[in-house]
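Please read the structure below before turning to the comments.
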Amino acid sequence: MSQDSTSQLSINIFRESIDKYHLIDEVDQAFENPYPADALEYLLYRKNWIDTVQWHYEDLIRDPEIDPVEGMKLKRLIDASNQDRTDTVEYIDSFFLNQFKDVEVQKGATTNSESPAWALDRLSILELKIYHMEEEANRKEAGESHRKKCNIKLQVLLIQREDLVSSIDDLLKDIASGSKYMKVYKQMKMYNDEDTNPVLYKDKS
């Protein structure tokens with residue numbers, strides 16, 4: 001896989017995941033990953049599936065008439081999904097770290113403000129925005145004004161995708177050439193950890 005194909009590969013897989021989800025369009029549907037577990041494609045598909053399910057969790061929890069108990073259950077699911085998302089992003093970065101482990105870093109090489117995997121995380125979310133904005137721009141029962149406004153927003157999202165694709169592929173090229181290097185920090189989320197969230201650890205003392 002050439003470096004300049006990584007973003008387009010990701011978009012294709014993200015769209016495959018989104019389309020597959022919407023065949024049933026239920027947050028509790030079974031998940032099956034069509035790619036081998038040692039492939040980057042496996043991680044990308046898993047990452048977007050998490051994002052797609054969470055997108056719909058977020059829709060559901062905003063129901064103004066939601067039962068409070070059901071709302072709290074959804075909040076727990078969203079928390080777990082966020083942790084799963086973070087873990088998967090870190091697995092993707094581990095893939096790239098291994099891929100570039102033998103690259104000779106040039107003198108004066110710099111780091112980037114975000115890792116390749118966190119940039120791909122943004123691309124996954126952006127693909128979800130594009131999918132759903134396309135739906136709204138073409139929703140027949142909506143008024144013409146609504147469709148027009150959504151189409152204008154869609155065009156902005158498509159430009160944003162072009163810019164993000166270019167930035168990601170440039171970053172991967174720079175890392176491959178040694179002019180940039182990866183420096184990855186683990187996401188130290190404290191609220192899910194019973195050793196760092198006071199609400200969770202107060203009963204352990």
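Residue numbering restarts at 1 for every chain of the structure tokens, chains are lettered A, B, ... in their displayed order, and ligands are numbered from 1 as they appear.
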Contact residues around Cys150 of chain A with only C-alpha atoms at 7 Å, ignoring same-chain residues under 5 positions, as a count of residues only = 3
key: All residues 12 Å or closer to segment 81-91 of chain A, only C-alpha atoms, same chain fewer than 5 positions away omitted, as a PyMOL selection string   = chain A and resi 27+37-58+74-76+96-98+114-122+124-125+183-193
Could the residues in this selection be written to a file with N, CA and C atoms, as a compact mmCIF listing (two decimals), in the first residue's frame?
```txt
# COMPACT_ATOMS: atom_id res chain seq x y z
N VAL A 27 -28.59 0.28 16.55
CA VAL A 27 -27.34 0.39 17.30
C VAL A 27 -26.90 -0.93 17.94
N ALA A 37 -7.44 -9.74 10.87
CA ALA A 37 -7.17 -9.01 12.11
C ALA A 37 -5.82 -8.32 12.14
N ASP A 38 -4.87 -8.74 11.30
CA ASP A 38 -3.54 -8.13 11.31
C ASP A 38 -3.40 -7.02 10.27
N ALA A 39 -4.51 -6.63 9.64
CA ALA A 39 -4.45 -5.63 8.57
C ALA A 39 -4.90 -4.26 9.07
N LEU A 40 -4.34 -3.21 8.47
CA LEU A 40 -4.79 -1.85 8.79
C LEU A 40 -6.27 -1.70 8.48
N GLU A 41 -6.74 -2.34 7.41
CA GLU A 41 -8.14 -2.26 7.04
C GLU A 41 -9.07 -2.73 8.16
N TYR A 42 -8.63 -3.74 8.89
CA TYR A 42 -9.41 -4.25 10.02
C TYR A 42 -9.63 -3.15 11.06
N LEU A 43 -8.56 -2.45 11.38
CA LEU A 43 -8.65 -1.39 12.39
C LEU A 43 -9.48 -0.22 11.90
N LEU A 44 -9.33 0.13 10.64
CA LEU A 44 -10.10 1.24 10.08
C LEU A 44 -11.59 0.93 10.07
N TYR A 45 -11.93 -0.29 9.68
CA TYR A 45 -13.34 -0.69 9.65
C TYR A 45 -13.92 -0.69 11.07
N ARG A 46 -13.16 -1.25 12.00
CA ARG A 46 -13.59 -1.27 13.41
C ARG A 46 -13.78 0.15 13.95
N LYS A 47 -12.81 1.01 13.62
CA LYS A 47 -12.87 2.39 14.11
C LYS A 47 -14.14 3.09 13.63
N ASN A 48 -14.44 2.97 12.33
CA ASN A 48 -15.61 3.68 11.83
C ASN A 48 -16.90 3.06 12.34
N TRP A 49 -16.93 1.75 12.53
CA TRP A 49 -18.16 1.13 13.07
C TRP A 49 -18.46 1.69 14.45
N ILE A 50 -17.43 1.82 15.27
CA ILE A 50 -17.60 2.42 16.60
C ILE A 50 -18.19 3.83 16.46
N ASP A 51 -17.61 4.62 15.57
CA ASP A 51 -18.07 5.99 15.36
C ASP A 51 -19.52 6.03 14.87
N THR A 52 -19.86 5.11 13.97
CA THR A 52 -21.20 5.10 13.40
C THR A 52 -22.25 4.74 14.44
N VAL A 53 -21.96 3.73 15.24
CA VAL A 53 -22.88 3.36 16.31
C VAL A 53 -23.02 4.52 17.30
N GLN A 54 -21.89 5.13 17.65
CA GLN A 54 -21.96 6.23 18.61
C GLN A 54 -22.70 7.43 18.04
N TRP A 55 -22.58 7.68 16.76
CA TRP A 55 -23.34 8.76 16.12
C TRP A 55 -24.83 8.58 16.42
N HIS A 56 -25.29 7.35 16.32
CA HIS A 56 -26.71 7.08 16.53
C HIS A 56 -27.08 7.00 18.01
N TYR A 57 -26.13 6.62 18.85
CA TYR A 57 -26.35 6.77 20.30
C TYR A 57 -26.63 8.24 20.62
N GLU A 58 -25.81 9.11 20.04
CA GLU A 58 -25.93 10.54 20.32
C GLU A 58 -27.27 11.09 19.82
N LEU A 74 -27.92 4.79 28.00
CA LEU A 74 -27.26 5.28 26.80
C LEU A 74 -25.97 6.02 27.13
N LYS A 75 -26.00 6.80 28.22
CA LYS A 75 -24.79 7.52 28.64
C LYS A 75 -23.67 6.54 28.94
N ARG A 76 -23.98 5.44 29.59
CA ARG A 76 -22.97 4.42 29.88
C ARG A 76 -22.43 3.81 28.58
N PHE A 96 1.15 2.15 12.57
CA PHE A 96 2.04 3.06 11.85
C PHE A 96 3.43 3.11 12.49
N LEU A 97 3.49 3.07 13.80
CA LEU A 97 4.79 3.05 14.48
C LEU A 97 5.61 1.85 14.02
N ASN A 98 4.95 0.71 13.90
CA ASN A 98 5.65 -0.48 13.42
C ASN A 98 6.04 -0.34 11.95
N GLU A 114 -0.74 16.27 15.66
CA GLU A 114 -1.52 15.08 15.96
C GLU A 114 -0.92 13.91 15.20
N SER A 115 -1.16 12.72 15.71
CA SER A 115 -0.62 11.52 15.09
C SER A 115 -1.45 11.15 13.85
N PRO A 116 -0.93 10.27 12.99
CA PRO A 116 -1.72 9.84 11.84
C PRO A 116 -3.07 9.25 12.23
N ALA A 117 -3.11 8.48 13.29
CA ALA A 117 -4.37 7.83 13.67
C ALA A 117 -5.42 8.82 14.14
N TRP A 118 -4.99 9.86 14.85
CA TRP A 118 -5.98 10.85 15.30
C TRP A 118 -6.46 11.70 14.13
N ALA A 119 -5.63 11.88 13.11
CA ALA A 119 -6.09 12.55 11.89
C ALA A 119 -7.10 11.66 11.16
N LEU A 120 -6.84 10.36 11.12
CA LEU A 120 -7.79 9.44 10.50
C LEU A 120 -9.08 9.35 11.31
N ASP A 121 -8.99 9.54 12.61
CA ASP A 121 -10.18 9.62 13.45
C ASP A 121 -11.07 10.77 12.99
N ARG A 122 -10.46 11.91 12.71
CA ARG A 122 -11.23 13.06 12.22
C ARG A 122 -11.84 12.77 10.84
N SER A 124 -12.77 9.83 9.76
CA SER A 124 -13.89 8.91 9.97
C SER A 124 -15.16 9.67 10.37
N ILE A 125 -15.02 10.60 11.30
CA ILE A 125 -16.16 11.42 11.73
C ILE A 125 -16.66 12.29 10.58
N LYS A 183 5.48 10.78 17.45
CA LYS A 183 5.63 10.83 18.90
C LYS A 183 4.23 10.69 19.47
N VAL A 184 3.95 9.53 20.05
CA VAL A 184 2.58 9.20 20.44
C VAL A 184 2.44 9.24 21.95
N TYR A 185 1.41 9.92 22.41
CA TYR A 185 1.07 9.94 23.83
C TYR A 185 -0.23 9.17 24.03
N LYS A 186 -0.23 8.28 24.99
CA LYS A 186 -1.45 7.56 25.31
C LYS A 186 -2.47 8.54 25.89
N GLN A 187 -3.73 8.32 25.54
CA GLN A 187 -4.81 9.15 26.08
C GLN A 187 -5.08 8.73 27.52
N MET A 188 -4.74 9.58 28.45
CA MET A 188 -4.84 9.23 29.87
C MET A 188 -6.20 9.68 30.41
N LYS A 189 -7.23 9.00 29.95
CA LYS A 189 -8.58 9.34 30.40
C LYS A 189 -8.74 8.90 31.86
N MET A 190 -9.22 9.81 32.68
CA MET A 190 -9.29 9.56 34.11
C MET A 190 -10.68 9.17 34.58
N TYR A 191 -11.73 9.57 33.86
CA TYR A 191 -13.07 9.36 34.39
C TYR A 191 -13.53 7.91 34.32
N ASN A 192 -12.90 7.08 33.47
CA ASN A 192 -13.26 5.66 33.41
C ASN A 192 -12.41 4.80 34.32
N ASP A 193 -11.42 5.40 34.95
CA ASP A 193 -10.45 4.66 35.76
C ASP A 193 -10.84 4.73 37.23
```
message = Counting only C-alpha atoms, which residue out of A:Ser10, A:Pro198, A:Lys149, A:Phe31 sits closest to Ile92 of chain A?
response =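 Looking only at the distances to Ile92 of chain A, the closest residue turns out to be A:Ser10.
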Point-to-point distance from atom CA of Ser5 of chain A to atom CA of Gln99 of chain A, Å rounded to tenths =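 Value for the atom CA of Ser5 of chain A-atom CA of Gln99 of chain A distance: 14.9 Å.
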task = Could you give me, as a ChimeraX atom specification, each residue of segment 3-118 of chain A that DSSP assigns to helix (DSSP H, G or I) when run on this structure's backbone?
result = /A:3-24,40-61,68-99,116-118
query = What gap, in Å, lies between atom CA of Asn112 of chain A and atom CA of Ile11 of chain A?
reply =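 A separation of 21.7 Å between them.
Candidate residues A:Ser167, A:Ser94, A:Gln155, A:Ser179 were compared for distance to Ala109 of chain A, and the nearest is A:Ser179, using only C-alpha atoms.
The shortest atom-to-atom distance to Lys101 of chain A, with only C-alpha atoms taken into account, belongs to A:Ile175 out of A:Met72, A:Leu77, A:Ile175, A:Leu128.
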